[in-house]
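Below: the structure, in structure tokens.
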Amino acid sequence: MHYALYLNLVFIFLTLTLGFFVWFKKNDKVSRCFLLMSLFVSLWSAGLVFFINPGLISGLLGLRISFLGASLLIAAFVYFVQIFPIEKYLPRLLNIVLTSLLILAGMLSVSSNLIVANVRYDNTIIIEKQYGELYPFFSILVFLSLFLCLAISFLKYKALEGSLKKQSNYLLTGLFLTFISSTITNLILPLLNIGPLYLSQYGPISLIFFIFLSALAILRYHLFEIKVILTESLVGMMGFTLMVLPFFMPTNELKTLTVSILLLFLIFGSLLIKATHEEVRRKEEAERLLKAKTEFLSIASHQLRTPLTAIIGYSSMLKEGDYGKMSEKASGAIGRVYDSSQRMIKLVNDFLSVSRLETGKTVLKIREFSLKELISQVIAELNFKAGEKNLYIKYEQPKIDSIVKIDPEKLKEAVSNLVDNSIHYTEKGGITVISGVNGSKISITVSDTGTGMAEEELSKIFESFSRGSAGNELNTQGSGLGLYIAKKFVEMHNGKIWAESEGKNKGSAFHIELPNK
């Protein structure tokens, strides 16, 4: 019992220190919410301190205070996962109802016997905790709230990219570990009235994973730094254990053996720490270069868009004769300027898309949309381009139009990139698009009669700046980003994309498969 008392006191000190440290460092909405959670966790632990040591105040009151702290913590918890690392809120009514129920549960815990009824002691030893009539409902409310937090964090993790995805990874990992440990110690065992009574006294400490990892995420520490911390901590603990061990050895031979093991461990431990530092340094340098590349692409793309838009606008007006009739030779030159500008603006847009994807700024806007309409729009926009090469674009429309929940803009760009890619690499014949919904799956296939691909190319074509071998001959202007962007947008929908080809000059087929929500 004393162990639980001391551990909770230490935990209160560490949690408050970390909460105020994060607040002083950032002082924004997220850090203030984190500080609030730290205060509520400390209130939960403080209540358990009084519950464990009933000489200070009533043990029953201490337990009720701990329930109040836990309820308020969950309410803050729900809000925190909605604002970090990006803001994505639940429906307003659900937020109000859930927060109100959690606060009400906390107030009932302190002011009535409905959740915590009584505690019995034998001197200072806890022998029984009696829960009230509403305790099962309280447990279910907490469980559902934690599960909701876990679901929100998982959906954000799937949708984010770049540094925001790493932050989300911290949050999701800490939340998952906390969800498992807290559910077992604080809900399942008390609800079923099994397990030792003292187990729930360590309940707040199960939040150490979430508190620590969330603080790292808010302060934007890297997973690399955690690796170093864990390595040094492990080596330190093992070294300390081996240093103490000789004093407990019964014979001089065993003492000599443990000292020898200690010396070897110190040598290899220092090498391990050094190697970990080197690995972290290399990864941080790679991340720095990737960030610099992404920032350059973003800045360069934004700077290029304005003059290109002007060039396209004026060259289009010249082509249409808005500034007077032009000679055939001049008209041809203006046409080439217009076409080149169109290709350049497509390249700039690709760069911007990649930049937003890698910095995590791209977020899905899911809504109901006609799958047939989406494919028809793509074909209408690219039909003229295919016609210039005497290619057909055929859409095998489904008999029944399907309304699906997607981000129409992102999925349209993905399909458009596939069709555009097929046009570039097809010299005769054409492109066929097939779409359909089969139960829980949405499928889209874009097949062509083009150059095809060798087997070794199939696994690489969806990488950024990667192009098939035919690109050097048929599409020298391409950037190698279209299929990469298509893959990212499909994966954001929790789908998958792949390519098939029977070999060179035998055509290709690109398949998209999405869950039908």
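Identifiers in this document derive from the order of the structure tokens: chains are assigned A, B, ..., residues are numbered from 1 separately in each chain, and ligands are numbered from 1 in order of occurrence.
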Can you check which residues of stretch 334-515 of chain A DSSP gives as helix (DSSP H, G or I) on the backbone and send them as an MDAnalysis selection string?
chainID A and resid 334:358 371:388 408:424 455:458 471:474 482:492
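Counting only C-alpha atoms, A:Glu500 has the following residues at most 8 Å away, ignoring those fewer than 3 positions along the same chain: Leu458, Ser508, Ala509 and Phe510 of chain A.
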To one decimal in Å, tell me the separation between atom CA of A:Lys412 and atom CA of A:Lys460.
22.5 Å
Could you pull the residues within 9 Å of stretch 398-401 of chain A, counting only C-alpha atoms, minus those fewer than 6 positions along the same chain, as JSON, numbers by chain?
{"A": [370, 371, 372, 373, 434, 435, 436, 437]}
Selected residues written out, N, CA and C atoms, as an mmCIF file, in the first residue's frame:
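Dumped to out30.cif:
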```cif
data_model
loop_
_atom_site.group_PDB
_atom_site.id
_atom_site.type_symbol
_atom_site.label_atom_id
_atom_site.label_comp_id
_atom_site.auth_asym_id
_atom_site.auth_seq_id
_atom_site.Cartn_x
_atom_site.Cartn_y
_atom_site.Cartn_z
ATOM 1 N N SER A 370 -21.494 11.070 -56.758
ATOM 2 C CA SER A 370 -21.764 10.033 -57.759
ATOM 3 C C SER A 370 -20.455 9.540 -58.361
ATOM 4 N N LEU A 371 -20.213 8.230 -58.268
ATOM 5 C CA LEU A 371 -18.998 7.653 -58.846
ATOM 6 C C LEU A 371 -19.009 7.797 -60.365
ATOM 7 N N LYS A 372 -20.179 7.586 -60.956
ATOM 8 C CA LYS A 372 -20.327 7.715 -62.410
ATOM 9 C C LYS A 372 -20.040 9.146 -62.858
ATOM 10 N N GLU A 373 -20.519 10.135 -62.112
ATOM 11 C CA GLU A 373 -20.294 11.526 -62.447
ATOM 12 C C GLU A 373 -18.810 11.879 -62.349
ATOM 13 N N ILE A 434 -13.250 1.449 -66.078
ATOM 14 C CA ILE A 434 -14.339 0.644 -65.518
ATOM 15 C C ILE A 434 -14.478 1.015 -64.044
ATOM 16 N N SER A 435 -15.700 1.238 -63.594
ATOM 17 C CA SER A 435 -15.933 1.524 -62.171
ATOM 18 C C SER A 435 -17.104 0.691 -61.675
ATOM 19 N N GLY A 436 -17.139 0.477 -60.382
ATOM 20 C CA GLY A 436 -18.249 -0.278 -59.819
ATOM 21 C C GLY A 436 -18.160 -0.365 -58.310
ATOM 22 N N VAL A 437 -19.250 -0.750 -57.713
ATOM 23 C CA VAL A 437 -19.311 -0.964 -56.265
ATOM 24 C C VAL A 437 -19.771 -2.391 -56.028
#
```
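Shortest separation to A:Leu364 among A:Leu318, A:His493, A:Ile442, A:Asn505 occurs at residue A:His493, atoms counted being only C-alpha atoms.
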Give the answer as one residue: which of A:Leu266, A:Ile65, A:Leu43, A:Leu216 has the shortest atom-to-atom distance to A:Met238, using only C-alpha atoms?
A:Leu266
Neighbour list for A:Ser260 as a ChimeraX atom specification, cut-off 12 Å, only C-alpha atoms, skip fewer than 4 positions in-chain:
/A:242-243,245-246,253-256,264-267
With C-alpha atoms retained, export the selected residues as an mmCIF file, in the first residue's frame.
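Output file result09.cif follows:
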```
data_model
loop_
_atom_site.group_PDB
_atom_site.id
_atom_site.type_symbol
_atom_site.label_atom_id
_atom_site.label_comp_id
_atom_site.auth_asym_id
_atom_site.auth_seq_id
_atom_site.Cartn_x
_atom_site.Cartn_y
_atom_site.Cartn_z
ATOM 1 C CA LEU A 242 25.550 -4.909 -12.492
ATOM 2 C CA MET A 243 27.375 -2.417 -10.243
ATOM 3 C CA LEU A 245 25.235 -7.115 -7.959
ATOM 4 C CA PRO A 246 28.824 -7.910 -6.764
ATOM 5 C CA GLU A 253 34.792 -15.918 -7.733
ATOM 6 C CA LEU A 254 31.223 -14.787 -8.403
ATOM 7 C CA LYS A 255 32.122 -11.209 -7.450
ATOM 8 C CA THR A 256 35.012 -11.269 -9.927
ATOM 9 C CA LEU A 264 32.322 -5.804 -20.766
ATOM 10 C CA PHE A 265 28.840 -4.350 -20.535
ATOM 11 C CA LEU A 266 30.183 -0.813 -20.078
ATOM 12 C CA ILE A 267 32.356 -1.199 -23.188
#
```
Can you pull out the residues contacting A:Lys517? Cut-off 10 Å, using only C-alpha atoms, and skip same-chain residues under 5 positions away; I want them as a ChimeraX atom specification.
/A:404-406,439-442
Preceding selection exported with C-alpha atoms as a PDB file, in the first residue's frame:
```
ATOM      1  CA  VAL A 404     -20.293   6.879 -52.459  1.00  0.00           C
ATOM      2  CA  LYS A 405     -18.665   8.746 -49.565  1.00  0.00           C
ATOM      3  CA  ILE A 406     -15.372  10.148 -50.857  1.00  0.00           C
ATOM      4  CA  GLY A 439     -20.505  -4.809 -51.457  1.00  0.00           C
ATOM      5  CA  SER A 440     -17.950  -3.146 -49.210  1.00  0.00           C
ATOM      6  CA  LYS A 441     -15.525  -2.275 -52.029  1.00  0.00           C
ATOM      7  CA  ILE A 442     -15.366   0.554 -54.573  1.00  0.00           C
TER       8      ILE A 442
END
```
For A:Lys129, list every protein, DNA or RNA residue within 7 Å, evaluated using only C-alpha atoms, and leave out those in the same chain fewer than 4 positions away; present the list as a compact mmCIF listing (two decimals) with N, CA and C atoms, in the first residue's frame.
```txt
# COMPACT_ATOMS: atom_id res chain seq x y z
N ASN A 118 -19.29 3.34 -0.61
CA ASN A 118 -18.65 3.22 0.70
C ASN A 118 -17.28 2.55 0.56
N VAL A 119 -16.46 2.72 1.59
CA VAL A 119 -15.15 2.06 1.68
C VAL A 119 -15.01 1.54 3.10
N ARG A 120 -14.55 0.29 3.22
CA ARG A 120 -14.34 -0.30 4.55
C ARG A 120 -12.85 -0.56 4.75
```
What are the closest atom pairs, with distances in Å to one decimal, for all residues of stretch 55-145 of chain A lying within 12 Å of stretch 156-176 of chain A? Consider only C-alpha atoms, order rows by chain and residue number, and present the result as a Markdown table.
```
| residue | atom | partner | partner_atom | distance |
| --- | --- | --- | --- | --- |
| A:Ile74 | CA | A:Leu175 | CA | 11.8 |
| A:Phe77 | CA | A:Leu175 | CA | 9.8 |
| A:Val78 | CA | A:Leu175 | CA | 11.3 |
| A:Phe80 | CA | A:Leu171 | CA | 10.1 |
| A:Val81 | CA | A:Leu171 | CA | 8.2 |
| A:Gln82 | CA | A:Lys156 | CA | 9.4 |
| A:Ile83 | CA | A:Lys156 | CA | 10.7 |
| A:Phe84 | CA | A:Ser168 | CA | 7.8 |
| A:Pro85 | CA | A:Ser168 | CA | 6.2 |
| A:Ile86 | CA | A:Leu164 | CA | 7.9 |
| A:Glu87 | CA | A:Lys156 | CA | 9.6 |
| A:Lys88 | CA | A:Lys156 | CA | 8.3 |
| A:Tyr89 | CA | A:Lys156 | CA | 11.1 |
| A:Ser145 | CA | A:Leu175 | CA | 11.9 |
```
